[in-house]
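Next up, input08.cif (mmCIF, C-alpha atoms):
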```cif
data_structure
loop_
_atom_site.label_atom_id
_atom_site.label_comp_id
_atom_site.auth_asym_id
_atom_site.auth_seq_id
_atom_site.Cartn_x
_atom_site.Cartn_y
_atom_site.Cartn_z
CA MET A 1 5.77 -93.10 92.30
CA LYS A 2 7.25 -96.09 94.08
CA ILE A 3 7.05 -99.71 92.89
CA ILE A 4 7.07 -102.09 95.84
CA THR A 5 7.34 -105.85 95.65
CA HIS A 6 7.38 -106.87 99.32
CA ALA A 7 4.34 -106.87 101.58
CA ASP A 8 6.16 -105.73 104.70
CA GLU A 9 7.69 -102.79 102.85
CA MET A 10 4.28 -101.79 101.50
CA GLN A 11 2.83 -101.97 105.00
CA ASN A 12 5.59 -99.75 106.38
CA TYR A 13 4.96 -97.07 103.76
CA ILE A 14 1.23 -97.18 104.45
CA LYS A 15 1.84 -96.99 108.19
CA ASN A 16 3.80 -93.79 107.69
CA GLU A 17 1.17 -92.31 105.38
CA LYS A 18 -1.56 -93.11 107.89
CA ALA A 19 0.49 -91.59 110.71
CA ALA A 20 0.66 -88.39 108.67
CA GLY A 21 -3.13 -88.35 108.48
CA LYS A 22 -3.34 -89.36 104.81
CA SER A 23 -6.33 -91.20 103.36
CA ILE A 24 -5.61 -94.26 101.23
CA GLY A 25 -7.43 -95.05 97.99
CA TYR A 26 -6.75 -98.50 96.58
CA VAL A 27 -7.32 -100.10 93.18
CA PRO A 28 -6.66 -103.89 93.05
CA THR A 29 -5.98 -105.24 89.55
CA MET A 30 -4.38 -108.11 87.69
CA GLY A 31 -2.63 -105.66 85.39
CA TYR A 32 -2.79 -105.17 81.62
CA LEU A 33 -4.53 -101.91 82.40
CA HIS A 34 -7.14 -100.43 80.07
CA GLU A 35 -9.50 -97.47 80.16
CA GLY A 36 -11.73 -99.24 82.68
CA HIS A 37 -8.85 -99.45 85.14
CA GLU A 38 -7.94 -95.85 84.37
CA SER A 39 -11.42 -94.74 85.43
CA LEU A 40 -10.94 -96.50 88.78
CA LEU A 41 -7.56 -94.84 89.26
CA GLN A 42 -8.90 -91.42 88.32
CA LYS A 43 -11.80 -91.66 90.76
CA ALA A 44 -9.52 -92.92 93.53
CA ARG A 45 -7.04 -90.12 92.81
CA LYS A 46 -9.76 -87.48 93.21
CA GLU A 47 -11.12 -88.89 96.46
CA ASN A 48 -7.96 -89.73 98.43
CA ASP A 49 -4.62 -88.29 99.52
CA ILE A 50 -2.67 -91.42 98.55
CA LEU A 51 -3.36 -93.70 95.59
CA VAL A 52 -2.21 -97.33 95.72
CA LEU A 53 -2.48 -99.67 92.74
CA SER A 54 -1.78 -103.37 93.08
CA ILE A 55 -0.91 -105.60 90.13
CA PHE A 56 -1.06 -109.29 90.91
CA VAL A 57 -2.27 -112.13 88.70
CA ASN A 58 -3.72 -114.30 91.43
CA PRO A 59 -3.38 -118.04 90.74
CA LEU A 60 -5.97 -118.95 93.38
CA GLN A 61 -8.81 -117.57 91.27
CA PHE A 62 -7.94 -119.51 88.10
CA GLY A 63 -9.36 -122.96 87.53
CA PRO A 64 -7.30 -125.86 86.10
CA ASN A 65 -8.48 -125.18 82.53
CA GLU A 66 -8.37 -121.39 82.72
CA ASP A 67 -5.91 -118.90 81.33
CA PHE A 68 -3.47 -118.09 84.16
CA ASP A 69 -0.34 -118.63 82.06
CA SER A 70 -1.74 -116.81 79.04
CA TYR A 71 -3.31 -113.94 80.97
CA PRO A 72 -1.92 -110.79 79.29
CA ARG A 73 0.86 -108.95 81.10
CA ASP A 74 2.59 -105.67 80.23
CA MET A 75 4.22 -104.11 83.27
CA ASP A 76 5.98 -101.35 81.33
CA ARG A 77 2.68 -100.04 79.98
CA ASP A 78 0.94 -100.56 83.33
CA GLU A 79 3.61 -98.48 85.04
CA GLN A 80 3.07 -95.64 82.57
CA VAL A 81 -0.72 -95.76 82.98
CA ALA A 82 -0.32 -95.67 86.75
CA ARG A 83 2.11 -92.77 86.56
CA ASN A 84 -0.22 -90.81 84.28
CA ALA A 85 -3.10 -91.40 86.69
CA GLY A 86 -1.08 -90.02 89.59
CA ALA A 87 -0.51 -93.23 91.52
CA ASP A 88 1.77 -92.92 94.54
CA TYR A 89 2.52 -96.62 94.90
CA ILE A 90 2.33 -99.75 92.78
CA PHE A 91 2.31 -102.92 94.84
CA TYR A 92 3.67 -105.56 92.47
CA PRO A 93 4.32 -108.78 94.39
CA THR A 94 5.32 -112.17 93.03
CA VAL A 95 3.29 -115.29 93.68
CA GLN A 96 6.03 -116.40 96.07
CA GLU A 97 5.73 -113.15 98.01
CA MET A 98 1.96 -113.46 98.37
CA TYR A 99 1.90 -117.19 99.11
CA GLN A 100 5.30 -117.89 100.65
CA ASP A 101 4.26 -121.22 102.14
CA GLU A 102 1.32 -123.53 101.64
CA VAL A 103 -1.77 -121.53 102.59
CA SER A 104 -2.96 -122.65 106.03
CA VAL A 105 -6.08 -120.47 106.08
CA SER A 106 -8.26 -119.49 103.14
CA VAL A 107 -11.58 -117.70 102.74
CA VAL A 108 -14.63 -119.64 101.55
CA VAL A 109 -17.45 -117.60 100.04
CA LYS A 110 -20.78 -119.20 100.91
CA ASP A 111 -23.27 -116.78 99.39
CA ARG A 112 -23.71 -114.99 96.04
CA THR A 113 -21.58 -117.60 94.24
CA ASP A 114 -24.12 -120.19 93.05
CA VAL A 115 -25.14 -118.05 90.06
CA LEU A 116 -23.63 -116.23 87.08
CA CYS A 117 -19.91 -116.85 86.43
CA ALA A 118 -19.22 -118.52 89.77
CA LYS A 119 -21.69 -121.32 89.06
CA ASN A 120 -19.25 -122.89 86.60
CA ARG A 121 -16.05 -121.70 88.31
CA PRO A 122 -15.92 -123.50 91.66
CA GLY A 123 -13.44 -121.90 94.01
CA HIS A 124 -12.97 -118.77 91.89
CA PHE A 125 -14.40 -116.34 94.41
CA ASP A 126 -12.72 -118.19 97.27
CA GLY A 127 -9.48 -117.21 95.56
CA VAL A 128 -10.65 -113.64 95.05
CA ALA A 129 -11.75 -113.30 98.68
CA THR A 130 -8.52 -114.86 100.00
CA VAL A 131 -6.24 -112.53 98.04
CA LEU A 132 -8.34 -109.46 98.85
CA THR A 133 -8.19 -110.30 102.54
CA LYS A 134 -4.42 -110.18 102.25
CA LEU A 135 -4.40 -107.06 100.07
CA PHE A 136 -6.81 -105.14 102.32
CA ASN A 137 -4.55 -105.91 105.27
CA ILE A 138 -1.42 -104.93 103.36
CA THR A 139 -2.75 -101.65 101.97
CA GLN A 140 -4.99 -100.63 104.90
CA ALA A 141 -7.12 -98.77 102.38
CA ASP A 142 -9.89 -96.38 103.37
CA LYS A 143 -11.60 -96.88 100.00
CA ALA A 144 -11.22 -99.68 97.45
CA TYR A 145 -12.44 -99.25 93.89
CA PHE A 146 -14.01 -101.99 91.74
CA GLY A 147 -15.51 -101.89 88.26
CA MET A 148 -19.14 -102.86 87.84
CA LYS A 149 -18.29 -104.85 84.72
CA ASP A 150 -17.84 -107.71 87.16
CA ALA A 151 -20.88 -106.91 89.26
CA GLN A 152 -20.84 -110.33 90.91
CA GLN A 153 -17.34 -109.63 92.20
CA VAL A 154 -18.52 -106.31 93.62
CA ALA A 155 -21.38 -108.10 95.39
CA VAL A 156 -19.03 -110.73 96.82
CA VAL A 157 -16.50 -108.12 97.96
CA LYS A 158 -19.22 -106.15 99.71
CA GLY A 159 -20.17 -109.33 101.56
CA LEU A 160 -16.52 -109.99 102.48
CA VAL A 161 -16.05 -106.48 103.85
CA LYS A 162 -19.28 -106.60 105.83
CA ASP A 163 -18.78 -110.09 107.29
CA PHE A 164 -15.12 -109.58 108.24
CA ASN A 165 -15.56 -105.97 109.44
CA PHE A 166 -12.86 -104.55 107.19
CA MET A 167 -12.40 -100.82 107.68
CA VAL A 168 -12.63 -100.16 103.96
CA GLU A 169 -15.40 -98.69 101.85
CA VAL A 170 -16.12 -100.57 98.62
CA VAL A 171 -16.65 -98.03 95.82
CA PRO A 172 -18.34 -99.43 92.66
CA VAL A 173 -17.45 -97.62 89.42
CA ASP A 174 -19.54 -97.74 86.25
CA THR A 175 -18.37 -99.93 83.37
CA ILE A 176 -16.27 -98.13 80.76
CA ARG A 177 -17.33 -98.98 77.21
CA GLU A 178 -16.13 -98.67 73.65
CA GLU A 179 -18.11 -96.35 71.35
CA ASP A 180 -20.22 -99.31 70.18
CA GLY A 181 -21.06 -100.35 73.74
CA LEU A 182 -18.59 -103.22 74.24
CA ALA A 183 -17.32 -103.28 77.81
CA LYS A 184 -13.59 -102.62 78.07
CA SER A 185 -11.74 -105.82 78.96
CA SER A 186 -8.22 -107.20 78.84
CA ARG A 187 -9.64 -110.19 76.98
CA ASN A 188 -11.02 -108.16 74.07
CA ILE A 189 -7.64 -108.41 72.33
CA ASN A 190 -8.34 -112.13 71.84
CA LEU A 191 -11.39 -111.50 69.67
CA LEU A 192 -11.15 -112.19 65.96
CA GLU A 193 -12.15 -109.31 63.67
CA GLU A 194 -15.63 -110.68 62.98
CA GLU A 195 -16.10 -111.53 66.66
CA ARG A 196 -15.15 -108.00 67.70
CA THR A 197 -18.00 -106.67 65.55
CA GLU A 198 -20.43 -109.20 67.01
CA ALA A 199 -19.30 -108.50 70.58
CA SER A 200 -21.01 -105.11 70.56
CA GLU A 201 -24.32 -106.97 70.46
CA LEU A 202 -23.88 -108.10 74.08
CA TYR A 203 -24.60 -104.62 75.38
CA GLN A 204 -27.31 -104.11 72.78
CA ALA A 205 -29.03 -107.26 74.05
CA LEU A 206 -28.81 -106.06 77.65
CA THR A 207 -30.21 -102.68 76.63
CA ILE A 208 -33.17 -104.38 74.94
CA GLY A 209 -33.85 -106.30 78.16
CA LYS A 210 -33.47 -103.25 80.39
CA ASN A 211 -35.80 -101.16 78.23
CA ALA A 212 -38.42 -103.90 78.29
CA VAL A 213 -38.31 -103.94 82.10
CA LEU A 214 -38.53 -100.14 82.31
CA ASN A 215 -41.51 -100.29 79.95
CA GLY A 216 -43.37 -102.58 82.32
CA GLU A 217 -42.30 -106.19 81.66
CA THR A 218 -41.91 -107.91 85.05
CA ASN A 219 -41.52 -111.55 83.97
CA PRO A 220 -37.82 -112.57 84.19
CA GLU A 221 -38.30 -115.47 81.76
CA ALA A 222 -39.64 -113.14 79.08
CA ILE A 223 -36.64 -110.82 79.45
CA VAL A 224 -34.17 -113.71 79.30
CA SER A 225 -35.85 -115.07 76.17
CA MET A 226 -35.65 -111.79 74.26
CA ILE A 227 -31.99 -111.31 75.19
CA ARG A 228 -31.06 -114.84 74.17
CA GLU A 229 -32.94 -114.44 70.88
CA HIS A 230 -31.01 -111.27 70.09
CA LEU A 231 -27.65 -112.90 70.86
CA GLU A 232 -28.46 -115.99 68.82
CA ASN A 233 -29.51 -113.89 65.84
CA LYS A 234 -26.68 -111.37 65.97
CA THR A 235 -23.62 -113.39 67.08
CA ASN A 236 -21.96 -116.74 66.54
CA GLY A 237 -20.82 -116.88 70.16
CA LYS A 238 -21.91 -119.60 72.53
CA ILE A 239 -24.15 -118.29 75.29
CA ASP A 240 -22.96 -119.40 78.73
CA TYR A 241 -25.82 -117.73 80.55
CA VAL A 242 -28.37 -114.94 80.60
CA GLU A 243 -29.68 -114.44 84.14
CA ILE A 244 -31.63 -111.93 86.24
CA TYR A 245 -31.37 -111.51 90.02
CA SER A 246 -31.87 -109.03 92.81
CA TYR A 247 -28.74 -106.97 93.47
CA PRO A 248 -26.47 -107.20 95.38
CA GLU A 249 -28.12 -110.23 97.01
CA LEU A 250 -28.13 -112.21 93.73
CA LYS A 251 -31.36 -113.98 94.59
CA PRO A 252 -33.94 -115.23 92.04
CA LEU A 253 -37.04 -113.12 91.43
CA SER A 254 -40.43 -114.35 90.29
CA GLN A 255 -41.47 -110.79 89.47
CA LEU A 256 -38.99 -108.01 88.79
CA SER A 257 -38.84 -105.19 91.34
CA GLY A 258 -36.32 -103.19 93.31
CA THR A 259 -32.68 -103.15 92.22
CA ILE A 260 -31.90 -105.91 89.74
CA ILE A 261 -29.02 -107.17 87.64
CA ILE A 262 -29.36 -108.54 84.13
CA ALA A 263 -26.12 -110.35 83.31
CA LEU A 264 -24.76 -112.49 80.52
CA ALA A 265 -21.68 -114.34 79.40
CA VAL A 266 -20.85 -115.30 75.82
CA ARG A 267 -17.96 -117.45 74.72
CA PHE A 268 -16.18 -116.69 71.45
CA SER A 269 -13.36 -118.75 69.95
CA ARG A 270 -10.60 -117.35 72.17
CA ALA A 271 -12.39 -115.12 74.66
CA ARG A 272 -15.27 -115.37 77.10
CA LEU A 273 -16.94 -112.00 77.61
CA ILE A 274 -19.22 -110.92 80.46
CA ASP A 275 -21.43 -107.88 80.77
CA ASN A 276 -24.35 -106.65 82.84
CA VAL A 277 -26.67 -103.80 83.64
CA VAL A 278 -27.76 -102.97 87.19
CA PHE A 279 -30.70 -100.66 87.70
CA THR A 280 -33.67 -99.95 89.96
CA ILE A 281 -37.26 -100.26 88.84
#
```
Please go through the file and, once you have read it, give me the structure as structure tokens.
Amino acid sequence: MKIITHADEMQNYIKNEKAAGKSIGYVPTMGYLHEGHESLLQKARKENDILVLSIFVNPLQFGPNEDFDSYPRDMDRDEQVARNAGADYIFYPTVQEMYQDEVSVSVVVKDRTDVLCAKNRPGHFDGVATVLTKLFNITQADKAYFGMKDAQQVAVVKGLVKDFNFMVEVVPVDTIREEDGLAKSSRNINLLEEERTEASELYQALTIGKNAVLNGETNPEAIVSMIREHLENKTNGKIDYVEIYSYPELKPLSQLSGTIIIALAVRFSRARLIDNVVFTI
């Protein structure tokens, strides 16, 4: 396994792998890898000749009051996780390497960003789309793997790939959960003991909503109300949102049909957690 810090060096290695007829599977991350990331790596390892992992905490996707400086980092552990998963390359650039000069061109995401997390994080997905444009060009991946825990990101990335004609297939991977249902996340370590117990109720609330839909409830407002009631009764977290949309279009629905997403975000004292379920009626 090679650890590469320079974009041109990464491109040269990929060029040689492509010339040898190798397929490239790519997992973009911000590091501090957990079981969710491992599932992406394992799937990519099975489906491709070469596995590339990138670790880059991207400043463009953090707002002025968000946790860029405190975002957890542990490169030694990340390297071991990558090695165990069979990664061939880790692309581990610095901010200076990725943004050597003032950015003269950036990507602006115009659709699928006026709802869910992006509604209160202006510019977040512009930063995601800008860095992925660079990373897709650097890695020349055939397939790129993304966790469905951030289903909005998957929807935005699919739009980016389609609109810019990237020669990469976006592969969504199911959310990996703890035994009690809590979605694996780097931010879970910031939960207090009592909050960690309460956090399992996020998935329970989503499951209540999903089951109600599958049992015939088609009114989005009714589903949102029952989920909010469960969260308010079972947790002390502050609800940022509970929302239902078509997926991946992320458009409002007056009556539930087709493929939908039920998503929520709850803020605890030191961590904001997101979760969702996507399913077809």
Atom pair atom CA of Ala87 of chain A + atom CA of Ile50 of chain A, distance 7.6 Å
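Minimum atom-to-atom distance to His34 of chain A, evaluated using all atoms listed in the file, belongs to A:Val81 out of A:Leu53, A:Val81, A:Val105, A:Cys117.
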Here's the selection I'm unsure about, the PyMOL selection byres ((chain A and resi 9) around 12); applied to the file above, which residues does it give, as a short mmCIF file (atom, residue, chain, number, x, y, z; two decimals) with C-alpha atoms, keeping the file's coordinate frame?
```
data_model
loop_
_atom_site.label_atom_id
_atom_site.label_comp_id
_atom_site.auth_asym_id
_atom_site.auth_seq_id
_atom_site.Cartn_x
_atom_site.Cartn_y
_atom_site.Cartn_z
CA LYS A 2 7.25 -96.09 94.08
CA ILE A 3 7.05 -99.71 92.89
CA ILE A 4 7.07 -102.09 95.84
CA THR A 5 7.34 -105.85 95.65
CA HIS A 6 7.38 -106.87 99.32
CA ALA A 7 4.34 -106.87 101.58
CA ASP A 8 6.16 -105.73 104.70
CA MET A 10 4.28 -101.79 101.50
CA GLN A 11 2.83 -101.97 105.00
CA ASN A 12 5.59 -99.75 106.38
CA TYR A 13 4.96 -97.07 103.76
CA ILE A 14 1.23 -97.18 104.45
CA LYS A 15 1.84 -96.99 108.19
CA ASN A 16 3.80 -93.79 107.69
CA TYR A 89 2.52 -96.62 94.90
CA ILE A 90 2.33 -99.75 92.78
CA PHE A 91 2.31 -102.92 94.84
CA TYR A 92 3.67 -105.56 92.47
CA PRO A 93 4.32 -108.78 94.39
CA GLU A 97 5.73 -113.15 98.01
CA ILE A 138 -1.42 -104.93 103.36
CA THR A 139 -2.75 -101.65 101.97
#
```
- Can you list, as a list in words, every protein, DNA or RNA residue that comes within 6 Å of segment 195-202 of chain A when you count all atoms listed in the file, leaving out same-chain residues fewer than 6 positions away? Asp180, Gly181, Leu182 and Thr235 of chain A
Open item on the list: So that I can check the surroundings of segment 166-171 of chain A, please list as a list in words every protein, DNA and RNA residue that reaches within 9 Å of it, counting all atoms listed in the file and ignoring chain neighbours fewer than 4 positions away.
Closed with: Thr133, Phe136, Asn137, Gln140, Ala141, Asp142, Lys143, Ala144, Tyr145, Phe146, Gly147, Val154, Val157, Lys158, Leu160, Val161 and Lys162 of chain A
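Minimum atom-to-atom distances from A:Leu33, A:Leu60, A:Val103, A:Val95 to Asp74 of chain A were compared using only C-alpha atoms, and the lowest value belongs to A:Leu33.
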- Please write as a VMD selection string the full residue list that the PyMOL selection byres ((chain A and resi 59) around 9) yields on this file. chain A and resid 57 to 58 60 to 63 68 95 127
Could you turn the residues from that selection into a file that holds C-alpha atoms, as a short mmCIF file (atom, residue, chain, number, x, y, z; two decimals), in the frame of the given file?
```
data_model
loop_
_atom_site.label_atom_id
_atom_site.label_comp_id
_atom_site.auth_asym_id
_atom_site.auth_seq_id
_atom_site.Cartn_x
_atom_site.Cartn_y
_atom_site.Cartn_z
CA VAL A 57 -2.27 -112.13 88.70
CA ASN A 58 -3.72 -114.30 91.43
CA LEU A 60 -5.97 -118.95 93.38
CA GLN A 61 -8.81 -117.57 91.27
CA PHE A 62 -7.94 -119.51 88.10
CA GLY A 63 -9.36 -122.96 87.53
CA PHE A 68 -3.47 -118.09 84.16
CA VAL A 95 3.29 -115.29 93.68
CA GLY A 127 -9.48 -117.21 95.56
#
```
**Q.** Selection result of the PyMOL selection byres ((chain A and resi 247) around 6) on this file, as a PyMOL selection string
**A.** chain A and resi 246+248-250+259-261
Report task. Write out as a ChimeraX atom specification each polymer residue whose atoms come within 12 Å of Gly216 of chain A, counting all atoms listed in the file; drop sequence neighbours fewer than 6 positions from it. Result -> /A:209-210,222-223,255-257,281
What would the file be for segment 241-278 of chain A if you keep N, CA and C atoms and write it as a tab-separated table (two decimals), in the first residue's frame?
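Heads up, here's the output in decode-v7.tsv:
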```tsv
chain	number	residue	atom	x	y	z
A	241	TYR	N	-34.49	19.12	12.08
A	241	TYR	CA	-35.53	18.92	11.08
A	241	TYR	C	-35.96	17.46	11.06
A	242	VAL	N	-37.19	17.26	10.62
A	242	VAL	CA	-37.70	15.96	10.18
A	242	VAL	C	-38.42	16.25	8.86
A	243	GLU	N	-37.95	15.65	7.76
A	243	GLU	CA	-38.48	16.01	6.45
A	243	GLU	C	-38.63	14.77	5.58
A	244	ILE	N	-39.56	14.86	4.62
A	244	ILE	CA	-39.84	13.76	3.69
A	244	ILE	C	-39.85	14.32	2.27
A	245	TYR	N	-39.13	13.65	1.37
A	245	TYR	CA	-39.05	14.09	-0.02
A	245	TYR	C	-38.99	12.89	-0.95
A	246	SER	N	-39.20	13.14	-2.24
A	246	SER	CA	-38.89	12.14	-3.25
A	246	SER	C	-37.37	11.97	-3.29
A	247	TYR	N	-36.94	10.79	-3.74
A	247	TYR	CA	-35.49	10.54	-3.79
A	247	TYR	C	-35.11	9.90	-5.12
A	248	PRO	N	-34.04	10.38	-5.78
A	248	PRO	CA	-33.04	11.34	-5.28
A	248	PRO	C	-33.35	12.80	-5.61
A	249	GLU	N	-34.52	13.09	-6.15
A	249	GLU	CA	-34.82	14.45	-6.58
A	249	GLU	C	-34.91	15.44	-5.43
A	250	LEU	N	-35.30	14.94	-4.25
A	250	LEU	CA	-35.47	15.77	-3.05
A	250	LEU	C	-36.51	16.87	-3.27
A	251	LYS	N	-37.65	16.45	-3.81
A	251	LYS	CA	-38.76	17.36	-4.05
A	251	LYS	C	-39.90	17.05	-3.07
A	252	PRO	N	-40.65	18.08	-2.65
A	252	PRO	CA	-41.77	17.86	-1.72
A	252	PRO	C	-42.85	16.98	-2.35
A	253	LEU	N	-43.56	16.26	-1.51
A	253	LEU	CA	-44.65	15.39	-1.95
A	253	LEU	C	-45.90	15.71	-1.15
A	254	SER	N	-47.01	15.86	-1.83
A	254	SER	CA	-48.28	16.06	-1.12
A	254	SER	C	-48.85	14.72	-0.66
A	255	GLN	N	-48.60	13.69	-1.44
A	255	GLN	CA	-48.98	12.33	-1.09
A	255	GLN	C	-47.76	11.44	-1.35
A	256	LEU	N	-47.50	10.51	-0.45
A	256	LEU	CA	-46.30	9.72	-0.54
A	256	LEU	C	-46.46	8.59	-1.55
A	257	SER	N	-45.51	8.52	-2.50
A	257	SER	CA	-45.49	7.45	-3.49
A	257	SER	C	-44.11	7.38	-4.10
A	258	GLY	N	-43.82	6.26	-4.75
A	258	GLY	CA	-42.52	6.10	-5.38
A	258	GLY	C	-41.42	5.88	-4.36
A	259	THR	N	-40.20	6.30	-4.72
A	259	THR	CA	-39.07	6.20	-3.80
A	259	THR	C	-38.99	7.48	-2.99
A	260	ILE	N	-38.95	7.34	-1.67
A	260	ILE	CA	-38.94	8.51	-0.80
A	260	ILE	C	-37.81	8.41	0.22
A	261	ILE	N	-37.46	9.55	0.78
A	261	ILE	CA	-36.52	9.61	1.89
A	261	ILE	C	-37.22	10.26	3.08
A	262	ILE	N	-37.09	9.63	4.23
A	262	ILE	CA	-37.47	10.27	5.49
A	262	ILE	C	-36.16	10.55	6.21
A	263	ALA	N	-35.89	11.81	6.51
A	263	ALA	CA	-34.59	12.19	7.07
A	263	ALA	C	-34.79	13.08	8.28
A	264	LEU	N	-33.80	13.05	9.17
A	264	LEU	CA	-33.86	13.89	10.36
A	264	LEU	C	-32.46	14.30	10.79
A	265	ALA	N	-32.42	15.34	11.59
A	265	ALA	CA	-31.19	15.78	12.22
A	265	ALA	C	-31.53	16.23	13.64
A	266	VAL	N	-30.72	15.78	14.59
A	266	VAL	CA	-30.94	16.12	16.00
A	266	VAL	C	-29.62	16.60	16.58
A	267	ARG	N	-29.69	17.70	17.30
A	267	ARG	CA	-28.49	18.29	17.87
A	267	ARG	C	-28.42	17.99	19.36
A	268	PHE	N	-27.34	17.33	19.77
A	268	PHE	CA	-27.06	17.10	21.18
A	268	PHE	C	-26.04	18.14	21.64
A	269	SER	N	-25.54	18.03	22.85
A	269	SER	CA	-24.72	19.10	23.40
A	269	SER	C	-23.44	19.34	22.61
A	270	ARG	N	-22.82	18.27	22.12
A	270	ARG	CA	-21.55	18.41	21.40
A	270	ARG	C	-21.52	17.68	20.06
A	271	ALA	N	-22.69	17.27	19.60
A	271	ALA	CA	-22.74	16.53	18.33
A	271	ALA	C	-24.10	16.70	17.68
A	272	ARG	N	-24.07	16.90	16.38
A	272	ARG	CA	-25.29	16.96	15.58
A	272	ARG	C	-25.34	15.69	14.73
A	273	LEU	N	-26.38	14.89	14.93
A	273	LEU	CA	-26.47	13.60	14.25
A	273	LEU	C	-27.54	13.64	13.17
A	274	ILE	N	-27.25	12.99	12.05
A	274	ILE	CA	-28.22	12.86	10.96
A	274	ILE	C	-28.50	11.39	10.72
A	275	ASP	N	-29.67	11.11	10.19
A	275	ASP	CA	-30.01	9.74	9.81
A	275	ASP	C	-31.16	9.79	8.82
A	276	ASN	N	-31.40	8.68	8.15
A	276	ASN	CA	-32.46	8.65	7.15
A	276	ASN	C	-32.82	7.21	6.82
A	277	VAL	N	-33.96	7.05	6.20
A	277	VAL	CA	-34.32	5.80	5.54
A	277	VAL	C	-34.83	6.15	4.14
A	278	VAL	N	-34.39	5.38	3.16
A	278	VAL	CA	-34.84	5.54	1.78
A	278	VAL	C	-35.49	4.24	1.37
```
